[in-house]
Amino acid sequence: MKKRALITGITGQDGSYLAEFLLSQGYDVIGMVRRTSTVNFERITHIQPYLTLVTGDLLDEVSLINMLREHRPSEVYNLAAQSFVQTSWPQPVFTGETTALGVTRMLDAVRLVDPDIRFYQASSSEMFGKVVEVPQKETTPFYPRSPYGVAKVYGHWITVNYRESYNMFACSGILFNHESPRRGLEFVTRKISHAVARIKLGLDHELRLGNLDAQRDWGFAGDYVEAMWLMLQQEQPDDYVIATGETHSVREFCELAFSHVGLNYQEYVVMDERFMRPAEVDLLIGDPSKAQKALGWQPKTPFPTLVQMMVDADVQLLKEQNR
(Lines give C-alpha, C1' and ligand atoms only; values in the text may rest on other atoms or scores of the structure.)
Protein backbone atom coordinates (compact mmCIF):
# COMPACT_ATOMS: atom_id res chain seq x y z
CA MET A 1 0.00 0.00 0.00
CA LYS A 2 1.18 3.51 -0.81
CA LYS A 3 2.09 5.69 2.16
CA ARG A 4 -0.19 8.69 2.55
CA ALA A 5 0.88 12.07 3.95
CA LEU A 6 -1.11 15.17 4.83
CA ILE A 7 0.61 18.56 4.49
CA THR A 8 -0.90 21.68 6.04
CA GLY A 9 0.41 24.82 4.34
CA ILE A 10 0.98 22.96 1.06
CA THR A 11 0.69 26.17 -0.99
CA GLY A 12 3.65 27.73 0.84
CA GLN A 13 7.33 27.48 -0.02
CA ASP A 14 8.08 24.49 2.22
CA GLY A 15 4.78 22.76 1.47
CA SER A 16 5.44 22.83 -2.27
CA TYR A 17 8.96 21.42 -1.97
CA LEU A 18 7.84 18.78 0.53
CA ALA A 19 4.96 17.74 -1.73
CA GLU A 20 7.40 17.31 -4.63
CA PHE A 21 9.74 15.28 -2.47
CA LEU A 22 7.01 12.99 -1.08
CA LEU A 23 5.61 12.39 -4.57
CA SER A 24 9.12 11.36 -5.66
CA GLN A 25 9.11 8.87 -2.74
CA GLY A 26 5.87 7.32 -4.02
CA TYR A 27 3.47 8.86 -1.50
CA ASP A 28 -0.15 9.81 -1.94
CA VAL A 29 -0.07 13.49 -0.94
CA ILE A 30 -3.05 15.26 0.63
CA GLY A 31 -2.76 19.04 0.86
CA MET A 32 -4.84 21.13 3.27
CA VAL A 33 -5.92 24.53 2.00
CA ARG A 34 -8.14 27.13 3.64
CA ARG A 35 -11.36 27.98 1.86
CA THR A 36 -10.68 31.63 1.04
CA SER A 37 -11.24 33.75 -2.01
CA THR A 38 -7.50 34.35 -2.49
CA VAL A 39 -5.85 30.91 -2.28
CA ASN A 40 -2.69 31.01 -4.37
CA PHE A 41 -1.75 27.70 -6.03
CA GLU A 42 1.20 29.21 -7.93
CA ARG A 43 3.87 27.14 -6.14
CA ILE A 44 2.11 23.79 -6.72
CA THR A 45 0.55 24.31 -10.17
CA HIS A 46 3.11 21.98 -11.80
CA ILE A 47 2.22 19.08 -9.43
CA GLN A 48 -1.43 19.87 -8.75
CA PRO A 49 -2.78 16.97 -10.88
CA TYR A 50 -0.92 14.54 -8.59
CA LEU A 51 -2.21 16.01 -5.31
CA THR A 52 -5.47 15.66 -3.42
CA LEU A 53 -6.39 19.11 -2.08
CA VAL A 54 -8.86 19.30 0.80
CA THR A 55 -10.25 22.24 2.76
CA GLY A 56 -9.48 22.63 6.44
CA ASP A 57 -8.45 25.33 8.88
CA LEU A 58 -6.13 25.36 11.89
CA LEU A 59 -8.68 27.61 13.59
CA ASP A 60 -11.35 24.89 13.36
CA GLU A 61 -10.55 21.55 15.03
CA VAL A 62 -13.72 19.88 13.70
CA SER A 63 -12.51 20.46 10.12
CA LEU A 64 -9.17 18.83 11.02
CA ILE A 65 -10.84 15.80 12.62
CA ASN A 66 -13.10 15.31 9.59
CA MET A 67 -10.14 15.63 7.22
CA LEU A 68 -8.09 13.01 9.10
CA ARG A 69 -11.06 10.63 9.31
CA GLU A 70 -11.76 10.87 5.60
CA HIS A 71 -8.21 10.59 4.26
CA ARG A 72 -6.42 8.51 6.94
CA PRO A 73 -2.83 9.69 6.45
CA SER A 74 0.05 7.85 8.15
CA GLU A 75 2.08 11.07 8.37
CA VAL A 76 1.05 14.68 9.05
CA TYR A 77 3.37 17.61 8.34
CA ASN A 78 2.11 20.75 10.04
CA LEU A 79 3.65 23.61 8.05
CA ALA A 80 0.69 26.03 8.07
CA ALA A 81 1.11 29.18 10.17
CA GLN A 82 1.13 32.95 10.08
CA SER A 83 4.78 32.71 9.13
CA PHE A 84 5.98 36.27 8.51
CA VAL A 85 7.76 37.69 11.57
CA GLN A 86 7.09 41.34 10.66
CA THR A 87 3.32 40.72 10.46
CA SER A 88 3.28 39.19 13.93
CA TRP A 89 3.56 42.60 15.65
CA PRO A 90 0.45 44.21 14.11
CA GLN A 91 -1.38 40.83 14.22
CA PRO A 92 -0.22 39.17 17.47
CA VAL A 93 -3.54 37.52 18.36
CA PHE A 94 -4.06 36.00 14.90
CA THR A 95 -0.43 34.82 14.95
CA GLY A 96 -1.08 33.12 18.31
CA GLU A 97 -4.31 31.51 17.08
CA THR A 98 -2.70 29.92 14.00
CA THR A 99 0.97 29.50 14.83
CA ALA A 100 0.47 28.43 18.48
CA LEU A 101 -3.06 27.14 19.17
CA GLY A 102 -3.34 25.78 15.62
CA VAL A 103 -0.67 23.21 16.54
CA THR A 104 -2.72 22.09 19.56
CA ARG A 105 -5.82 21.66 17.42
CA MET A 106 -3.90 19.58 14.87
CA LEU A 107 -2.23 17.43 17.54
CA ASP A 108 -5.54 16.90 19.32
CA ALA A 109 -7.24 15.91 16.06
CA VAL A 110 -4.47 13.34 15.47
CA ARG A 111 -4.85 12.03 19.05
CA LEU A 112 -8.61 11.62 18.66
CA VAL A 113 -8.65 10.10 15.16
CA ASP A 114 -5.49 7.95 15.09
CA PRO A 115 -2.69 8.44 17.64
CA ASP A 116 -0.42 6.21 15.51
CA ILE A 117 -0.15 8.96 12.88
CA ARG A 118 3.40 10.35 12.79
CA PHE A 119 3.39 14.13 13.28
CA TYR A 120 5.90 16.75 12.20
CA GLN A 121 5.78 20.28 13.61
CA ALA A 122 7.57 23.15 11.85
CA SER A 123 9.48 24.86 14.64
CA SER A 124 11.71 27.87 13.96
CA SER A 125 15.10 29.35 14.78
CA GLU A 126 13.17 32.52 15.71
CA MET A 127 12.44 30.71 18.99
CA PHE A 128 16.06 31.36 20.00
CA GLY A 129 15.67 35.11 19.37
CA LYS A 130 18.05 36.90 21.71
CA VAL A 131 20.50 34.03 21.66
CA VAL A 132 22.10 32.82 24.88
CA GLU A 133 24.73 30.67 23.15
CA VAL A 134 26.35 30.42 19.72
CA PRO A 135 25.76 28.24 17.76
CA GLN A 136 22.23 27.25 18.77
CA LYS A 137 21.42 23.57 19.25
CA GLU A 138 18.50 21.49 20.49
CA THR A 139 19.33 22.18 24.15
CA THR A 140 19.78 25.97 23.77
CA PRO A 141 17.20 27.87 25.88
CA PHE A 142 14.59 29.82 23.92
CA TYR A 143 14.37 33.61 24.13
CA PRO A 144 11.89 34.69 21.42
CA ARG A 145 11.89 38.34 20.31
CA SER A 146 8.62 38.56 18.36
CA PRO A 147 5.00 37.40 18.75
CA TYR A 148 5.82 34.91 15.95
CA GLY A 149 8.78 33.52 17.92
CA VAL A 150 6.66 33.28 21.08
CA ALA A 151 3.91 31.43 19.18
CA LYS A 152 6.45 29.01 17.71
CA VAL A 153 7.81 28.27 21.21
CA TYR A 154 4.28 27.33 22.30
CA GLY A 155 3.85 25.12 19.22
CA HIS A 156 7.18 23.45 19.93
CA TRP A 157 6.47 22.69 23.59
CA ILE A 158 2.90 21.51 23.01
CA THR A 159 4.34 19.00 20.51
CA VAL A 160 6.78 17.75 23.16
CA ASN A 161 3.90 17.65 25.65
CA TYR A 162 1.66 15.51 23.43
CA ARG A 163 4.58 13.19 22.64
CA GLU A 164 5.27 12.64 26.34
CA SER A 165 1.64 12.68 27.56
CA TYR A 166 0.06 10.44 24.92
CA ASN A 167 3.08 8.50 23.63
CA MET A 168 2.57 10.00 20.15
CA PHE A 169 5.23 9.98 17.44
CA ALA A 170 5.54 13.78 17.30
CA CYS A 171 8.71 15.58 16.17
CA SER A 172 9.72 19.20 15.80
CA GLY A 173 12.21 20.39 13.22
CA ILE A 174 13.86 23.60 14.43
CA LEU A 175 14.58 24.99 10.97
CA PHE A 176 16.88 27.91 10.52
CA ASN A 177 16.21 30.33 7.65
CA HIS A 178 15.64 28.45 4.42
CA GLU A 179 15.09 30.28 1.15
CA SER A 180 14.33 29.60 -2.51
CA PRO A 181 12.89 31.21 -5.63
CA ARG A 182 9.48 30.30 -4.14
CA ARG A 183 9.99 32.48 -1.05
CA GLY A 184 7.32 35.15 -0.55
CA LEU A 185 8.22 38.69 -1.63
CA GLU A 186 7.77 39.93 1.95
CA PHE A 187 10.86 38.00 3.11
CA VAL A 188 14.14 39.91 2.95
CA THR A 189 16.03 37.40 0.78
CA ARG A 190 13.35 37.32 -1.92
CA LYS A 191 12.86 41.07 -1.56
CA ILE A 192 16.54 41.46 -2.42
CA SER A 193 16.64 38.98 -5.31
CA HIS A 194 13.47 40.43 -6.85
CA ALA A 195 14.73 44.02 -6.49
CA VAL A 196 18.08 43.07 -8.06
CA ALA A 197 16.22 41.65 -11.06
CA ARG A 198 14.03 44.76 -11.33
CA ILE A 199 17.02 47.11 -11.13
CA LYS A 200 19.00 45.05 -13.64
CA LEU A 201 16.08 45.15 -16.10
CA GLY A 202 15.60 48.91 -15.62
CA LEU A 203 12.26 48.55 -13.81
CA ASP A 204 13.48 50.09 -10.54
CA HIS A 205 16.35 52.18 -9.18
CA GLU A 206 16.67 51.46 -5.45
CA LEU A 207 16.11 48.87 -2.73
CA ARG A 208 15.06 49.93 0.78
CA LEU A 209 16.05 47.60 3.63
CA GLY A 210 16.27 47.56 7.43
CA ASN A 211 19.23 46.21 9.39
CA LEU A 212 21.97 45.19 6.92
CA ASP A 213 24.12 43.76 9.71
CA ALA A 214 21.57 41.17 10.92
CA GLN A 215 23.11 37.72 10.45
CA ARG A 216 21.30 34.53 9.57
CA ASP A 217 22.01 30.89 8.85
CA TRP A 218 20.52 30.59 5.34
CA GLY A 219 19.97 27.31 3.51
CA PHE A 220 17.94 26.05 0.55
CA ALA A 221 14.34 25.04 1.35
CA GLY A 222 14.52 22.12 -1.10
CA ASP A 223 17.28 20.57 1.04
CA TYR A 224 15.44 21.13 4.31
CA VAL A 225 12.20 19.31 3.46
CA GLU A 226 14.12 16.04 3.17
CA ALA A 227 15.11 16.45 6.83
CA MET A 228 11.41 16.75 7.77
CA TRP A 229 10.71 13.42 6.11
CA LEU A 230 13.76 11.73 7.65
CA MET A 231 12.57 12.69 11.15
CA LEU A 232 9.36 10.71 10.66
CA GLN A 233 11.24 7.62 9.39
CA GLN A 234 13.20 7.11 12.63
CA GLU A 235 12.45 4.49 15.28
CA GLN A 236 11.94 7.10 18.00
CA PRO A 237 10.48 10.64 17.77
CA ASP A 238 12.86 13.49 18.58
CA ASP A 239 13.54 17.15 17.83
CA TYR A 240 16.31 18.37 15.53
CA VAL A 241 18.01 21.62 14.54
CA ILE A 242 18.21 21.87 10.73
CA ALA A 243 20.76 24.44 9.59
CA THR A 244 23.93 24.93 7.55
CA GLY A 245 26.15 25.92 10.47
CA GLU A 246 27.26 29.04 8.54
CA THR A 247 26.16 32.62 9.08
CA HIS A 248 25.90 35.48 6.58
CA SER A 249 24.72 39.07 6.90
CA VAL A 250 21.96 40.77 4.93
CA ARG A 251 24.75 42.98 3.55
CA GLU A 252 26.60 39.93 2.24
CA PHE A 253 23.40 38.64 0.62
CA CYS A 254 23.03 42.02 -1.12
CA GLU A 255 26.65 42.01 -2.23
CA LEU A 256 26.39 38.55 -3.81
CA ALA A 257 23.00 39.22 -5.40
CA PHE A 258 23.95 42.53 -7.03
CA SER A 259 27.41 41.38 -8.13
CA HIS A 260 25.83 38.32 -9.80
CA VAL A 261 24.27 40.71 -12.36
CA GLY A 262 27.32 42.99 -12.50
CA LEU A 263 26.08 45.73 -10.12
CA ASN A 264 27.43 47.31 -6.93
CA TYR A 265 24.89 47.04 -4.11
CA GLN A 266 26.12 50.25 -2.45
CA GLU A 267 24.77 52.29 -5.36
CA TYR A 268 21.20 50.99 -4.92
CA VAL A 269 20.56 49.90 -1.31
CA VAL A 270 19.04 52.49 1.06
CA MET A 271 18.61 51.81 4.79
CA ASP A 272 15.07 52.62 5.91
CA GLU A 273 13.94 52.86 9.56
CA ARG A 274 10.50 51.53 8.62
CA PHE A 275 11.96 48.07 8.08
CA MET A 276 13.70 47.83 11.46
CA ARG A 277 12.10 45.36 13.88
CA PRO A 278 10.86 46.60 17.28
CA ALA A 279 13.10 43.92 18.84
CA GLU A 280 15.88 42.71 16.56
CA VAL A 281 17.35 39.23 16.37
CA ASP A 282 20.97 39.94 15.52
CA LEU A 283 22.68 36.57 15.10
CA LEU A 284 21.23 33.14 14.35
CA ILE A 285 23.50 30.20 13.54
CA GLY A 286 22.52 26.58 14.00
CA ASP A 287 24.46 23.48 14.99
CA PRO A 288 23.06 20.69 12.77
CA SER A 289 25.42 17.99 14.08
CA LYS A 290 22.63 15.96 15.76
CA ALA A 291 20.62 15.81 12.50
CA GLN A 292 23.76 14.95 10.53
CA LYS A 293 24.60 12.10 12.89
CA ALA A 294 21.12 10.70 13.63
CA LEU A 295 19.37 11.36 10.30
CA GLY A 296 22.33 11.32 7.92
CA TRP A 297 21.16 14.70 6.64
CA GLN A 298 23.47 17.27 5.03
CA PRO A 299 22.67 20.60 3.33
CA LYS A 300 23.61 20.32 -0.34
CA THR A 301 23.30 23.90 -1.65
CA PRO A 302 26.09 26.41 -0.85
CA PHE A 303 25.08 29.96 0.09
CA PRO A 304 26.41 31.69 -3.08
CA THR A 305 24.58 29.09 -5.22
CA LEU A 306 21.33 29.80 -3.37
CA VAL A 307 21.64 33.58 -3.89
CA GLN A 308 22.43 33.17 -7.59
CA MET A 309 19.56 30.69 -8.04
CA MET A 310 17.10 33.20 -6.56
CA VAL A 311 18.37 36.13 -8.64
CA ASP A 312 18.32 34.08 -11.88
CA ALA A 313 14.77 32.91 -11.18
CA ASP A 314 13.55 36.48 -10.58
CA VAL A 315 15.28 37.81 -13.71
CA GLN A 316 13.57 35.07 -15.71
CA LEU A 317 10.20 35.71 -14.02
CA LEU A 318 10.31 39.45 -14.71
CA LYS A 319 11.38 38.96 -18.31
CA GLU A 320 8.35 36.73 -18.85
CA GLN A 321 6.02 39.18 -17.11
CA ASN A 322 7.30 42.15 -19.11
CA ARG A 323 7.41 40.69 -22.59
# chains A, B, ... in the order shown; residues from 1 in each chain; ligands from 1
$ residues_around --residues "region 71-87 of chain A" --least-positions-apart "2" --cutoff "7 Å" --atoms "only C-alpha atoms" --output "VMD selection string"
chain A and resid 3 to 9 15 67 to 69 89 to 91 95 98 to 99 117 to 122 146 148
$ write_last_selection --atoms "N, CA and C atoms" --output "PDB file, in the first residue's frame"
ATOM      1  N   LYS A   3       2.161   4.851   0.954  1.00  0.00           N
ATOM      2  CA  LYS A   3       2.086   5.685   2.157  1.00  0.00           C
ATOM      3  C   LYS A   3       1.313   6.957   1.813  1.00  0.00           C
ATOM      4  N   ARG A   4       0.613   7.495   2.792  1.00  0.00           N
ATOM      5  CA  ARG A   4      -0.188   8.694   2.553  1.00  0.00           C
ATOM      6  C   ARG A   4       0.203   9.768   3.563  1.00  0.00           C
ATOM      7  N   ALA A   5       0.475  10.970   3.075  1.00  0.00           N
ATOM      8  CA  ALA A   5       0.880  12.074   3.948  1.00  0.00           C
ATOM      9  C   ALA A   5      -0.060  13.251   3.758  1.00  0.00           C
ATOM     10  N   LEU A   6      -0.340  13.929   4.857  1.00  0.00           N
ATOM     11  CA  LEU A   6      -1.112  15.171   4.826  1.00  0.00           C
ATOM     12  C   LEU A   6      -0.164  16.324   5.115  1.00  0.00           C
ATOM     13  N   ILE A   7      -0.200  17.360   4.280  1.00  0.00           N
ATOM     14  CA  ILE A   7       0.614  18.557   4.487  1.00  0.00           C
ATOM     15  C   ILE A   7      -0.317  19.742   4.701  1.00  0.00           C
ATOM     16  N   THR A   8      -0.218  20.399   5.875  1.00  0.00           N
ATOM     17  CA  THR A   8      -0.902  21.677   6.038  1.00  0.00           C
ATOM     18  C   THR A   8       0.058  22.753   5.551  1.00  0.00           C
ATOM     19  N   GLY A   9      -0.477  23.795   4.907  1.00  0.00           N
ATOM     20  CA  GLY A   9       0.411  24.815   4.342  1.00  0.00           C
ATOM     21  C   GLY A   9       1.069  24.363   3.056  1.00  0.00           C
ATOM     22  N   GLY A  15       5.796  23.734   1.848  1.00  0.00           N
ATOM     23  CA  GLY A  15       4.784  22.759   1.466  1.00  0.00           C
ATOM     24  C   GLY A  15       4.955  22.282   0.042  1.00  0.00           C
ATOM     25  N   MET A  67     -11.146  15.846   8.274  1.00  0.00           N
ATOM     26  CA  MET A  67     -10.144  15.632   7.220  1.00  0.00           C
ATOM     27  C   MET A  67      -9.323  14.369   7.492  1.00  0.00           C
ATOM     28  N   LEU A  68      -8.889  14.190   8.739  1.00  0.00           N
ATOM     29  CA  LEU A  68      -8.091  13.010   9.099  1.00  0.00           C
ATOM     30  C   LEU A  68      -8.922  11.730   8.983  1.00  0.00           C
ATOM     31  N   ARG A  69     -10.180  11.815   9.400  1.00  0.00           N
ATOM     32  CA  ARG A  69     -11.064  10.628   9.314  1.00  0.00           C
ATOM     33  C   ARG A  69     -11.283  10.195   7.863  1.00  0.00           C
ATOM     34  N   TRP A  89       3.762  41.483  14.723  1.00  0.00           N
ATOM     35  CA  TRP A  89       3.564  42.602  15.652  1.00  0.00           C
ATOM     36  C   TRP A  89       2.193  43.263  15.468  1.00  0.00           C
ATOM     37  N   PRO A  90       1.796  43.640  14.251  1.00  0.00           N
ATOM     38  CA  PRO A  90       0.453  44.212  14.108  1.00  0.00           C
ATOM     39  C   PRO A  90      -0.668  43.178  14.254  1.00  0.00           C
ATOM     40  N   GLN A  91      -0.339  41.865  14.104  1.00  0.00           N
ATOM     41  CA  GLN A  91      -1.377  40.828  14.218  1.00  0.00           C
ATOM     42  C   GLN A  91      -0.968  39.757  15.236  1.00  0.00           C
ATOM     43  N   THR A  95      -1.648  35.628  14.991  1.00  0.00           N
ATOM     44  CA  THR A  95      -0.432  34.817  14.953  1.00  0.00           C
ATOM     45  C   THR A  95      -0.486  33.729  16.029  1.00  0.00           C
ATOM     46  N   THR A  98      -3.103  30.869  15.053  1.00  0.00           N
ATOM     47  CA  THR A  98      -2.701  29.918  14.003  1.00  0.00           C
ATOM     48  C   THR A  98      -1.388  29.224  14.333  1.00  0.00           C
ATOM     49  N   THR A  99      -0.381  30.022  14.689  1.00  0.00           N
ATOM     50  CA  THR A  99       0.971  29.504  14.826  1.00  0.00           C
ATOM     51  C   THR A  99       1.176  28.759  16.144  1.00  0.00           C
ATOM     52  N   ILE A 117      -0.639   8.070  13.937  1.00  0.00           N
ATOM     53  CA  ILE A 117      -0.151   8.963  12.877  1.00  0.00           C
ATOM     54  C   ILE A 117       1.149   9.613  13.341  1.00  0.00           C
ATOM     55  N   ARG A 118       2.130   9.679  12.463  1.00  0.00           N
ATOM     56  CA  ARG A 118       3.396  10.354  12.785  1.00  0.00           C
ATOM     57  C   ARG A 118       3.264  11.840  12.432  1.00  0.00           C
ATOM     58  N   PHE A 119       3.666  12.693  13.377  1.00  0.00           N
ATOM     59  CA  PHE A 119       3.387  14.128  13.279  1.00  0.00           C
ATOM     60  C   PHE A 119       4.679  14.935  13.255  1.00  0.00           C
ATOM     61  N   TYR A 120       4.759  15.836  12.289  1.00  0.00           N
ATOM     62  CA  TYR A 120       5.901  16.745  12.203  1.00  0.00           C
ATOM     63  C   TYR A 120       5.429  18.177  12.443  1.00  0.00           C
ATOM     64  N   GLN A 121       6.087  18.882  13.358  1.00  0.00           N
ATOM     65  CA  GLN A 121       5.785  20.285  13.615  1.00  0.00           C
ATOM     66  C   GLN A 121       6.933  21.166  13.119  1.00  0.00           C
ATOM     67  N   ALA A 122       6.574  22.206  12.366  1.00  0.00           N
ATOM     68  CA  ALA A 122       7.570  23.145  11.852  1.00  0.00           C
ATOM     69  C   ALA A 122       7.921  24.166  12.927  1.00  0.00           C
ATOM     70  N   SER A 146       9.761  38.099  19.162  1.00  0.00           N
ATOM     71  CA  SER A 146       8.619  38.564  18.360  1.00  0.00           C
ATOM     72  C   SER A 146       7.407  37.723  18.741  1.00  0.00           C
ATOM     73  N   TYR A 148       5.651  36.123  16.755  1.00  0.00           N
ATOM     74  CA  TYR A 148       5.820  34.910  15.954  1.00  0.00           C
ATOM     75  C   TYR A 148       6.714  33.909  16.694  1.00  0.00           C
TER      76      TYR A 148
END
$ select_by_dssp --residues "region 75-319 of chain A" --states "helix (DSSP H, G or I)" --output "NGL selection string"
:A and (86-88 or 92-113 or 125-127 or 147-166 or 188-200 or 221-231 or 250-260 or 265-267 or 273-275 or 289-294 or 303-319)
$ atom_distance --atom1 "CA of Glu133 (chain A)" --atom2 "CA of Arg145 (chain A)"
15.2 Å
$ atom_distance --atom1 "CA of Val188 (chain A)" --atom2 "CA of Gly173 (chain A)"
22.1 Å
$ closest_residue --among "A:Glu186, A:Asp239, A:Asp204, A:Asp114" --to "Cys171 (chain A)" --atoms "only C-alpha atoms"
A:Asp239
$ residues_around --residues "region 47-58 of chain A" --least-positions-apart "6" --cutoff "7 Å" --atoms "only C-alpha atoms" --output "NGL selection string"
:A and (29-35 or 64 or 98 or 102 or 105-106)
